[in-house]
Structure formats: C-alpha cells, structure tokens
$ cat model-v9.csv   # CSV, C-alpha atoms
chain,number,residue,atom,x,y,z
G,1,MET,CA,19.7,1.1,-2.5
G,2,ALA,CA,16.3,-0.1,-1.4
G,3,HIS,CA,13.9,-2.2,-3.5
G,4,ILE,CA,10.5,-0.4,-3.5
G,5,LEU,CA,7.2,-1.9,-4.7
G,6,LEU,CA,4.8,0.7,-6.0
G,7,ILE,CA,1.2,-0.3,-6.6
G,8,GLU,CA,-0.5,2.6,-8.4
G,9,ASP,CA,-2.8,2.5,-11.4
G,10,ASP,CA,-2.5,6.2,-12.5
G,11,ALA,CA,0.2,6.2,-15.1
G,12,GLY,CA,1.2,9.8,-14.6
G,13,THR,CA,1.5,9.6,-10.9
G,14,ALA,CA,3.4,6.3,-11.1
G,15,ASN,CA,5.9,7.7,-13.6
G,16,GLU,CA,6.6,10.8,-11.5
G,17,ILE,CA,7.2,8.6,-8.4
G,18,ALA,CA,9.4,6.2,-10.3
G,19,LEU,CA,11.6,8.9,-11.8
G,20,GLU,CA,12.0,10.5,-8.4
G,21,LEU,CA,12.8,7.3,-6.5
G,22,VAL,CA,15.2,6.0,-9.1
G,23,ALA,CA,17.0,9.3,-9.1
G,24,ALA,CA,17.3,9.0,-5.4
G,25,GLY,CA,19.2,5.7,-5.9
G,26,HIS,CA,16.4,3.1,-5.3
G,27,ARG,CA,15.2,0.2,-7.4
G,28,LEU,CA,11.5,0.2,-8.2
G,29,THR,CA,9.0,-2.4,-9.2
G,30,HIS,CA,5.6,-1.1,-10.4
G,31,HIS,CA,2.3,-2.9,-10.6
G,32,LEU,CA,-1.1,-1.6,-11.5
G,33,THR,CA,-3.3,-4.0,-9.5
G,34,ILE,CA,-3.5,-5.9,-6.3
G,35,ALA,CA,-3.5,-9.2,-8.2
G,36,ALA,CA,-0.4,-8.4,-10.1
G,37,ALA,CA,1.5,-7.1,-7.1
G,38,LEU,CA,0.6,-9.8,-4.5
G,39,ALA,CA,3.3,-12.3,-5.3
G,40,CYS,CA,6.0,-9.6,-5.3
G,41,ALA,CA,4.7,-8.1,-2.1
G,42,GLN,CA,4.9,-11.5,-0.3
G,43,ALA,CA,8.3,-12.4,-1.7
G,44,PRO,CA,11.5,-11.6,0.3
G,45,GLY,CA,13.7,-8.7,-0.9
G,46,VAL,CA,11.2,-5.9,-0.9
G,47,ASP,CA,12.1,-3.1,1.5
G,48,LEU,CA,9.1,-0.8,1.2
G,49,LEU,CA,5.6,-0.8,-0.2
G,50,ILE,CA,3.9,2.3,-1.7
G,51,VAL,CA,0.2,1.4,-2.0
G,52,ASP,CA,-2.6,3.5,-3.6
G,53,ARG,CA,-5.9,2.9,-2.0
G,54,GLN,CA,-8.3,3.0,-4.9
G,55,LEU,CA,-7.1,0.3,-7.3
G,56,PRO,CA,-8.9,-1.3,-10.3
G,57,ASP,CA,-9.4,-4.6,-8.5
G,58,GLY,CA,-10.0,-3.5,-4.9
G,59,GLU,CA,-9.0,-1.4,-1.9
G,60,GLY,CA,-5.2,-1.1,-1.3
G,61,LEU,CA,-5.8,-1.2,2.5
G,62,ASP,CA,-7.2,-4.7,2.1
G,63,LEU,CA,-3.9,-5.8,0.5
G,64,ILE,CA,-2.0,-4.3,3.4
G,65,ALA,CA,-4.3,-6.0,6.0
G,66,ARG,CA,-3.8,-9.3,4.2
G,67,LEU,CA,-0.1,-9.0,4.2
G,68,ARG,CA,0.0,-8.1,7.9
G,69,GLY,CA,-2.3,-11.1,8.6
G,70,ASP,CA,0.2,-13.3,6.8
G,71,GLY,CA,3.0,-12.0,8.9
G,72,CYS,CA,4.6,-9.6,6.4
G,73,ARG,CA,6.1,-6.6,8.2
G,74,THR,CA,7.5,-4.7,5.2
G,75,PRO,CA,6.8,-1.0,5.8
G,76,ALA,CA,3.9,0.4,3.8
G,77,LEU,CA,3.3,4.0,2.7
G,78,VAL,CA,-0.4,4.5,1.8
G,79,LEU,CA,-1.3,7.0,-1.0
G,80,SER,CA,-4.8,8.3,-1.4
G,81,ALA,CA,-7.0,11.1,-2.6
G,82,LEU,CA,-9.0,10.3,0.6
G,83,GLY,CA,-7.3,12.5,3.1
G,84,SER,CA,-9.7,13.1,6.0
G,85,LEU,CA,-8.7,12.3,9.5
G,86,ASP,CA,-10.9,9.2,9.5
G,87,ASP,CA,-9.3,8.0,6.3
G,88,ARG,CA,-5.8,8.4,7.7
G,89,VAL,CA,-6.7,6.6,10.9
G,90,ARG,CA,-8.2,3.8,8.9
G,91,GLY,CA,-5.1,3.5,6.8
G,92,LEU,CA,-2.8,3.2,9.9
G,93,ARG,CA,-5.1,0.7,11.6
G,94,ALA,CA,-5.1,-1.5,8.5
G,95,GLY,CA,-1.4,-1.8,8.9
G,96,GLY,CA,0.0,1.1,7.0
G,97,ASP,CA,3.1,2.8,8.5
G,98,ASP,CA,2.5,6.2,7.0
G,99,TYR,CA,-0.3,7.9,5.0
G,100,LEU,CA,0.2,10.6,2.4
G,101,PRO,CA,-2.9,12.3,0.9
G,102,LYS,CA,-3.0,13.3,-2.8
G,103,PRO,CA,-2.0,15.6,-4.2
G,104,PHE,CA,1.5,15.6,-2.6
G,105,ALA,CA,4.9,17.1,-3.3
G,106,LEU,CA,7.4,14.6,-4.5
G,107,VAL,CA,10.0,15.9,-2.1
G,108,GLU,CA,7.7,15.0,0.7
G,109,LEU,CA,7.1,11.5,-0.6
G,110,VAL,CA,10.9,11.0,-0.8
G,111,ALA,CA,11.3,12.3,2.7
G,112,ARG,CA,8.6,9.9,4.0
G,113,VAL,CA,10.2,7.0,2.1
G,114,GLU,CA,13.6,7.7,3.6
G,115,ALA,CA,12.1,8.0,7.1
G,116,LEU,CA,10.4,4.6,6.8
G,117,LEU,CA,13.6,3.0,5.4
G,118,ARG,CA,15.6,4.3,8.4
G,119,ARG,CA,13.5,2.4,10.8
G,120,PRO,CA,15.2,-0.6,12.4
G,121,ASN,CA,15.4,-3.6,10.1
G,122,GLU,CA,13.3,-6.0,12.1
G,123,THR,CA,13.1,-9.6,11.4
G,124,ARG,CA,9.8,-10.9,9.9
G,125,ASP,CA,9.5,-13.7,12.4
G,126,THR,CA,6.0,-14.2,13.6
G,127,ARG,CA,7.1,-16.3,16.6
G,128,LEU,CA,9.4,-14.7,19.1
G,129,ILE,CA,10.9,-16.5,22.1
G,130,VAL,CA,13.0,-14.2,24.2
G,131,GLY,CA,13.9,-15.3,27.8
G,132,PRO,CA,10.7,-16.4,29.5
G,133,LEU,CA,8.5,-14.7,26.9
G,134,ASP,CA,6.8,-16.5,24.0
G,135,LEU,CA,5.0,-14.3,21.5
G,136,ASP,CA,2.9,-15.8,18.6
G,137,LEU,CA,2.1,-12.8,16.5
G,138,LEU,CA,-0.1,-14.6,14.0
G,139,ALA,CA,-2.2,-16.2,16.8
G,140,GLY,CA,-2.1,-13.0,18.8
G,141,THR,CA,-1.1,-14.9,22.0
G,142,ALA,CA,1.7,-14.4,24.5
G,143,THR,CA,3.0,-16.3,27.5
G,144,ARG,CA,5.6,-15.8,30.2
G,145,ALA,CA,7.1,-19.0,31.5
G,146,GLY,CA,4.0,-20.8,30.4
G,147,ARG,CA,1.7,-18.2,32.0
G,148,PRO,CA,-0.8,-16.8,29.5
G,149,LEU,CA,-0.7,-13.0,29.1
G,150,GLU,CA,-4.1,-11.6,28.3
G,151,LEU,CA,-2.9,-8.7,26.1
G,152,LEU,CA,-5.0,-6.3,24.1
G,153,PRO,CA,-3.9,-5.8,20.4
G,154,ARG,CA,-2.1,-2.5,21.3
G,155,GLU,CA,-0.3,-4.2,24.2
G,156,MET,CA,0.8,-7.0,22.0
G,157,LYS,CA,2.2,-4.5,19.5
G,158,LEU,CA,4.0,-2.7,22.3
G,159,LEU,CA,5.5,-5.8,23.7
G,160,ASP,CA,6.6,-7.0,20.2
G,161,TYR,CA,8.3,-3.6,19.6
G,162,LEU,CA,10.2,-3.8,23.0
G,163,VAL,CA,11.2,-7.4,22.6
G,164,ARG,CA,12.8,-6.8,19.3
G,165,ARG,CA,15.0,-4.1,20.9
G,166,PRO,CA,16.5,-5.8,24.0
G,167,GLY,CA,18.7,-3.5,26.1
G,168,GLN,CA,17.8,-0.5,23.9
G,169,ILE,CA,16.2,2.6,25.5
G,170,VAL,CA,12.9,3.1,23.7
G,171,THR,CA,11.7,6.7,23.9
G,172,ARG,CA,8.0,7.8,24.1
G,173,SER,CA,8.5,9.6,20.7
G,174,MET,CA,9.6,6.3,19.1
G,175,LEU,CA,6.6,4.5,20.5
G,176,LEU,CA,4.2,7.2,19.4
G,177,GLN,CA,5.6,7.1,15.9
G,178,ASP,CA,6.2,3.4,15.3
G,179,VAL,CA,3.3,1.9,17.4
G,180,TRP,CA,0.6,4.5,17.2
G,181,GLY,CA,1.6,6.0,13.8
G,182,TYR,CA,1.7,9.6,15.1
G,183,THR,CA,3.9,12.0,13.3
G,184,PHE,CA,3.5,14.5,16.1
G,185,GLU,CA,3.6,14.1,19.9
G,186,PRO,CA,0.2,14.6,21.5
G,187,ASN,CA,-0.1,16.4,24.8
G,188,SER,CA,-1.1,13.2,26.7
G,189,ASN,CA,0.2,10.3,28.7
G,190,VAL,CA,-1.1,7.7,26.4
G,191,VAL,CA,2.3,5.8,26.2
G,192,ASP,CA,2.7,5.8,30.0
G,193,VAL,CA,-0.8,4.5,30.5
G,194,HIS,CA,-0.4,1.6,28.0
G,195,ILE,CA,3.1,0.7,29.2
G,196,GLY,CA,1.8,0.7,32.8
G,197,ARG,CA,-1.0,-1.8,31.9
G,198,LEU,CA,1.5,-3.9,30.0
G,199,ARG,CA,4.0,-4.1,32.8
G,200,ARG,CA,1.2,-5.2,35.3
G,201,LYS,CA,0.5,-8.1,33.0
G,202,VAL,CA,4.0,-9.1,32.1
G,203,ASP,CA,5.8,-8.4,35.4
G,204,VAL,CA,3.8,-9.9,38.3
G,205,ALA,CA,5.0,-10.1,41.9
G,206,GLY,CA,7.9,-12.5,42.4
G,207,GLU,CA,9.1,-12.4,38.8
G,208,PRO,CA,12.2,-10.6,37.5
G,209,GLN,CA,11.3,-7.3,35.9
G,210,LEU,CA,11.4,-7.4,32.1
G,211,ILE,CA,10.2,-3.9,31.3
G,212,ARG,CA,12.0,-1.1,33.1
G,213,ASN,CA,11.4,2.6,33.2
G,214,VAL,CA,14.5,4.7,32.5
G,215,ARG,CA,13.7,8.0,34.3
G,216,GLY,CA,13.4,10.9,31.9
G,217,ARG,CA,14.3,8.8,28.8
G,218,GLY,CA,11.9,6.0,28.2
G,219,TYR,CA,11.7,2.3,28.7
G,220,VAL,CA,14.0,-0.7,28.2
G,221,PHE,CA,13.3,-4.5,27.8
G,222,ASP,CA,15.8,-6.6,29.7
G,223,HIS,CA,15.1,-10.3,29.3
G,224,ALA,CA,18.0,-11.1,31.7
G,225,GLY,CA,15.8,-9.7,34.4

$ encode --input "model-v9.csv" --output "structure tokens"
Amino acid sequence: MAHILLIEDDAGTANEIALELVAAGHRLTHHLTIAAALACAQAPGVDLLIVDRQLPDGEGLDLIARLRGDGCRTPALVLSALGSLDDRVRGLRAGGDDYLPKPFALVELVARVEALLRRPNETRDTRLIVGPLDLDLLAGTATRAGRPLELLPREMKLLDYLVRRPGQIVTRSMLLQDVWGYTFEPNSNVVDVHIGRLRRKVDVAGEPQLIRNVRGRGYVFDHAG
C-alpha cells in the first residue's frame, strides 16, 4: 500500500481519483491548495504526488520545482487541462515524472501511478559519495578524487541515476524514461551522445573506468573500477 498525496481543487475530479486509488489498495491524502499541501509533501512517508497545475493559490509546477530544489525526490504525476507538447515538456522539466492531460480515463491514471511506484526506491540523499565520486545534488557540483567535474544539468542527472544503481545494467530505455521522461523510444542516439560526453568528463586517461558500456544491453556504473 502506497501513501499518495493528491493536490487537486476540483471536488468531482478529486473524489473520482480518491475512490479509484483507495479501491486499488492505496492510502490517499487530499489537499486543495499548495499552502495546505506543502508540509505534507515535504514530510517523510509520502510515496507519490499527484499535482494539478492550476490551483487556487498558484501553479502546481512551482510546487514541484520547489520540492526538487529542496532535495525532495518523491515521484510526481502532473495533471492538467493544458495538454500541448510545450505544456508536457514544461511539466517534465519542472521536475514532474509523468504528465497526464485532462480529461483522462481513471484506468490510465491508475496504470501511470503503478508505473511510477514500481520505479526503484531511491534514497532522498542530496549528497552522494561513492568511490572517488562526490555529488552534491543541491549545489549541482561533482568531483572525482577532488577533481571538479564540469557537468551540465542533464549529465548530472545521468550520473546521479547511474551512481544509485552500482553494478546494475541500465538500459537505454530506462534512461529515456527516467532521465528524459519519454514514454516512447525516439529514433535517435541521444542517450549514447550524452553518455559519451559524461564518460569523457568522469573517466579521464589514467583513471579506472567507472562507467562501462555493456555491448547490446546498456551501461553499468562500477565504482570499484
């Protein structure tokens, strides 16, 4: 049973969602506004956020961005009547993990909730020290054995994702879904290009290789070198 925080000001929509999720075995807390939900969203024990964009006291994406800035990594599903491509991209870039335009079928909402809850249960630490790597996610800085790594935001997110899964083969599909937020696999080499840039910054000549390519399968982070 997951504890889900729903932030939705439309009573009818909130009631339908609550009935469906409780029937699926989850525990649900519902708030109408950002102000009322903030303390609950920041507290431990919440497994998933469902956030409407247009709330009485502000933009739901601003709440998500604030939580991400504070180091909160609780998965967030964004709901909105704003369903254009630009709106969906904005939602993902603000820190949302998935975006569901209104109107939607409740069966799809439940499926998306279940998919988000199946993701690895990462720690919420904002400082990661693994082997020679030191990542400060709040400051947006990283070093290897004291050597500063000049990483772009996407590269930092990629490294964070890999570091939390040492020894695990991470596929391109996993990276596209969890780092880029794609629910489909584009016909491009975007993952390979970004991983290549990241490896050139993290693994310089003379240092043990931390990020390895597993031919035909994906990549693996090995802090033992």

$ residues_around --input "model-v9.csv" --residues "segment 132-148 of chain G" --least-positions-apart "3" --cutoff "9 Å" --atoms "only C-alpha atoms" --output "PyMOL selection string"
chain G and resi 68-71+125-129+151+153+156-157+159-160+163+202+223

$ atom_distance --input "model-v9.csv" --atom1 "atom CA of Asp52 of chain G" --atom2 "atom CA of Pro75 of chain G"
14.0 Å

$ atom_distance --input "model-v9.csv" --atom1 "atom CA of Arg53 of chain G" --atom2 "atom CA of Val78 of chain G"
6.9 Å

$ closest_residue --input "model-v9.csv" --among "G:Ala24, G:Cys72, G:Leu176, G:Ala35" --to "Gly218 of chain G" --atoms "all atoms listed in the file"
G:Leu176

$ atom_distance --input "model-v9.csv" --atom1 "atom CA of Leu5 of chain G" --atom2 "atom CA of Thr29 of chain G"
4.9 Å

$ residues_around --input "model-v9.csv" --residues "Ile195 of chain G" --least-positions-apart "4" --cutoff "9 Å" --atoms "only C-alpha atoms" --output "ChimeraX atom specification"
/G:155,158-159,190-191,199-200,211,219

$ closest_residue --input "model-v9.csv" --among "G:Val107, G:Ala36, G:Asn15, G:Asp10" --to "Ala81 of chain G" --atoms "all atoms listed in the file"
G:Asp10

$ closest_residue --input "model-v9.csv" --among "G:Leu67, G:Ala39, G:Ala205, G:Arg212" --to "Gly167 of chain G" --atoms "only C-alpha atoms"
G:Arg212

$ residues_around --input "model-v9.csv" --residues "Val220 of chain G" --least-positions-apart "3" --cutoff "9 Å" --atoms "all atoms listed in the file" --output "PyMOL selection string"
chain G and resi 162+165-171+210-214

$ write_last_selection --input "model-v9.csv" --atoms "C-alpha atoms" --output "compact mmCIF listing (two decimals), in the frame of the given file"
# COMPACT_ATOMS: atom_id res chain seq x y z
CA LEU G 162 10.20 -3.80 23.00
CA ARG G 165 15.00 -4.10 20.90
CA PRO G 166 16.50 -5.80 24.00
CA GLY G 167 18.70 -3.50 26.10
CA GLN G 168 17.80 -0.50 23.90
CA ILE G 169 16.20 2.60 25.50
CA VAL G 170 12.90 3.10 23.70
CA THR G 171 11.70 6.70 23.90
CA LEU G 210 11.40 -7.40 32.10
CA ILE G 211 10.20 -3.90 31.30
CA ARG G 212 12.00 -1.10 33.10
CA ASN G 213 11.40 2.60 33.20
CA VAL G 214 14.50 4.70 32.50

$ axis_aligned_box --input "model-v9.csv" --around "segment 92-103 of chain G" --padding-each-side "4 Å" --output "lines of an AutoDock Vina configuration file"
center_x = -1.0
center_y = 6.9
center_z = 3.7
size_x = 16.2
size_y = 25.4
size_z = 23.8

$ closest_residue --input "model-v9.csv" --among "G:Leu82, G:Leu106, G:Pro208, G:Asp178" --to "Ala14 of chain G" --atoms "all atoms listed in the file"
G:Leu106

$ closest_residue --input "model-v9.csv" --among "G:Asp97, G:Trp180, G:Val110, G:Arg66" --to "Ala23 of chain G" --atoms "only C-alpha atoms"
G:Val110

$ decode --input "model-v9.csv" --residues "segment 28-52 of chain G" --atoms "N, CA and C atoms" --output "mmCIF file, in the first residue's frame"
data_model
loop_
_atom_site.group_PDB
_atom_site.id
_atom_site.type_symbol
_atom_site.label_atom_id
_atom_site.label_comp_id
_atom_site.auth_asym_id
_atom_site.auth_seq_id
_atom_site.Cartn_x
_atom_site.Cartn_y
_atom_site.Cartn_z
ATOM 1 N N LEU G 28 -4.690 7.597 0.692
ATOM 2 C CA LEU G 28 -4.670 8.878 -0.010
ATOM 3 C C LEU G 28 -4.919 10.032 0.946
ATOM 4 N N THR G 29 -4.092 11.066 0.795
ATOM 5 C CA THR G 29 -4.306 12.333 1.484
ATOM 6 C C THR G 29 -4.612 13.381 0.425
ATOM 7 N N HIS G 30 -5.650 14.174 0.658
ATOM 8 C CA HIS G 30 -6.080 15.142 -0.350
ATOM 9 C C HIS G 30 -6.031 16.552 0.212
ATOM 10 N N HIS G 31 -5.423 17.465 -0.567
ATOM 11 C CA HIS G 31 -5.431 18.892 -0.230
ATOM 12 C C HIS G 31 -5.870 19.679 -1.456
ATOM 13 N N LEU G 32 -6.458 20.848 -1.197
ATOM 14 C CA LEU G 32 -6.992 21.682 -2.271
ATOM 15 C C LEU G 32 -6.003 22.713 -2.787
ATOM 16 N N THR G 33 -5.021 23.094 -1.948
ATOM 17 C CA THR G 33 -4.120 24.189 -2.292
ATOM 18 C C THR G 33 -2.668 23.809 -2.040
ATOM 19 N N ILE G 34 -1.770 24.603 -2.625
ATOM 20 C CA ILE G 34 -0.332 24.413 -2.415
ATOM 21 C C ILE G 34 0.014 24.642 -0.952
ATOM 22 N N ALA G 35 -0.527 25.720 -0.373
ATOM 23 C CA ALA G 35 -0.211 26.056 1.014
ATOM 24 C C ALA G 35 -0.588 24.934 1.966
ATOM 25 N N ALA G 36 -1.750 24.342 1.743
ATOM 26 C CA ALA G 36 -2.213 23.278 2.627
ATOM 27 C C ALA G 36 -1.405 21.995 2.441
ATOM 28 N N ALA G 37 -0.892 21.772 1.218
ATOM 29 C CA ALA G 37 -0.220 20.509 0.908
ATOM 30 C C ALA G 37 1.274 20.523 1.185
ATOM 31 N N LEU G 38 1.876 21.699 1.311
ATOM 32 C CA LEU G 38 3.333 21.814 1.333
ATOM 33 C C LEU G 38 3.967 20.996 2.455
ATOM 34 N N ALA G 39 3.470 21.142 3.670
ATOM 35 C CA ALA G 39 4.072 20.434 4.797
ATOM 36 C C ALA G 39 3.993 18.925 4.605
ATOM 37 N N CYS G 40 2.854 18.445 4.117
ATOM 38 C CA CYS G 40 2.691 17.009 3.878
ATOM 39 C C CYS G 40 3.638 16.533 2.786
ATOM 40 N N ALA G 41 3.793 17.340 1.726
ATOM 41 C CA ALA G 41 4.669 16.964 0.613
ATOM 42 C C ALA G 41 6.125 16.888 1.047
ATOM 43 N N GLN G 42 6.516 17.709 2.008
ATOM 44 C CA GLN G 42 7.897 17.743 2.471
ATOM 45 C C GLN G 42 8.188 16.699 3.534
ATOM 46 N N ALA G 43 7.147 16.143 4.137
ATOM 47 C CA ALA G 43 7.329 15.178 5.221
ATOM 48 C C ALA G 43 7.670 13.797 4.667
ATOM 49 N N PRO G 44 8.400 12.989 5.452
ATOM 50 C CA PRO G 44 8.672 11.620 5.008
ATOM 51 C C PRO G 44 7.399 10.780 5.021
ATOM 52 N N GLY G 45 7.410 9.718 4.230
ATOM 53 C CA GLY G 45 6.285 8.795 4.245
ATOM 54 C C GLY G 45 5.327 8.925 3.089
ATOM 55 N N VAL G 46 5.505 9.941 2.247
ATOM 56 C CA VAL G 46 4.674 10.080 1.050
ATOM 57 C C VAL G 46 5.391 9.388 -0.111
ATOM 58 N N ASP G 47 4.710 8.485 -0.790
ATOM 59 C CA ASP G 47 5.336 7.699 -1.854
ATOM 60 C C ASP G 47 5.135 8.291 -3.244
ATOM 61 N N LEU G 48 4.094 9.116 -3.415
ATOM 62 C CA LEU G 48 3.788 9.657 -4.741
ATOM 63 C C LEU G 48 2.970 10.932 -4.597
ATOM 64 N N LEU G 49 3.261 11.907 -5.447
ATOM 65 C CA LEU G 49 2.490 13.137 -5.519
ATOM 66 C C LEU G 49 1.669 13.130 -6.806
ATOM 67 N N ILE G 50 0.403 13.525 -6.718
ATOM 68 C CA ILE G 50 -0.421 13.788 -7.898
ATOM 69 C C ILE G 50 -0.811 15.255 -7.804
ATOM 70 N N VAL G 51 -0.339 16.064 -8.749
ATOM 71 C CA VAL G 51 -0.442 17.512 -8.618
ATOM 72 C C VAL G 51 -1.144 18.115 -9.827
ATOM 73 N N ASP G 52 -2.240 18.807 -9.563
ATOM 74 C CA ASP G 52 -2.903 19.573 -10.619
ATOM 75 C C ASP G 52 -2.098 20.854 -10.854
#
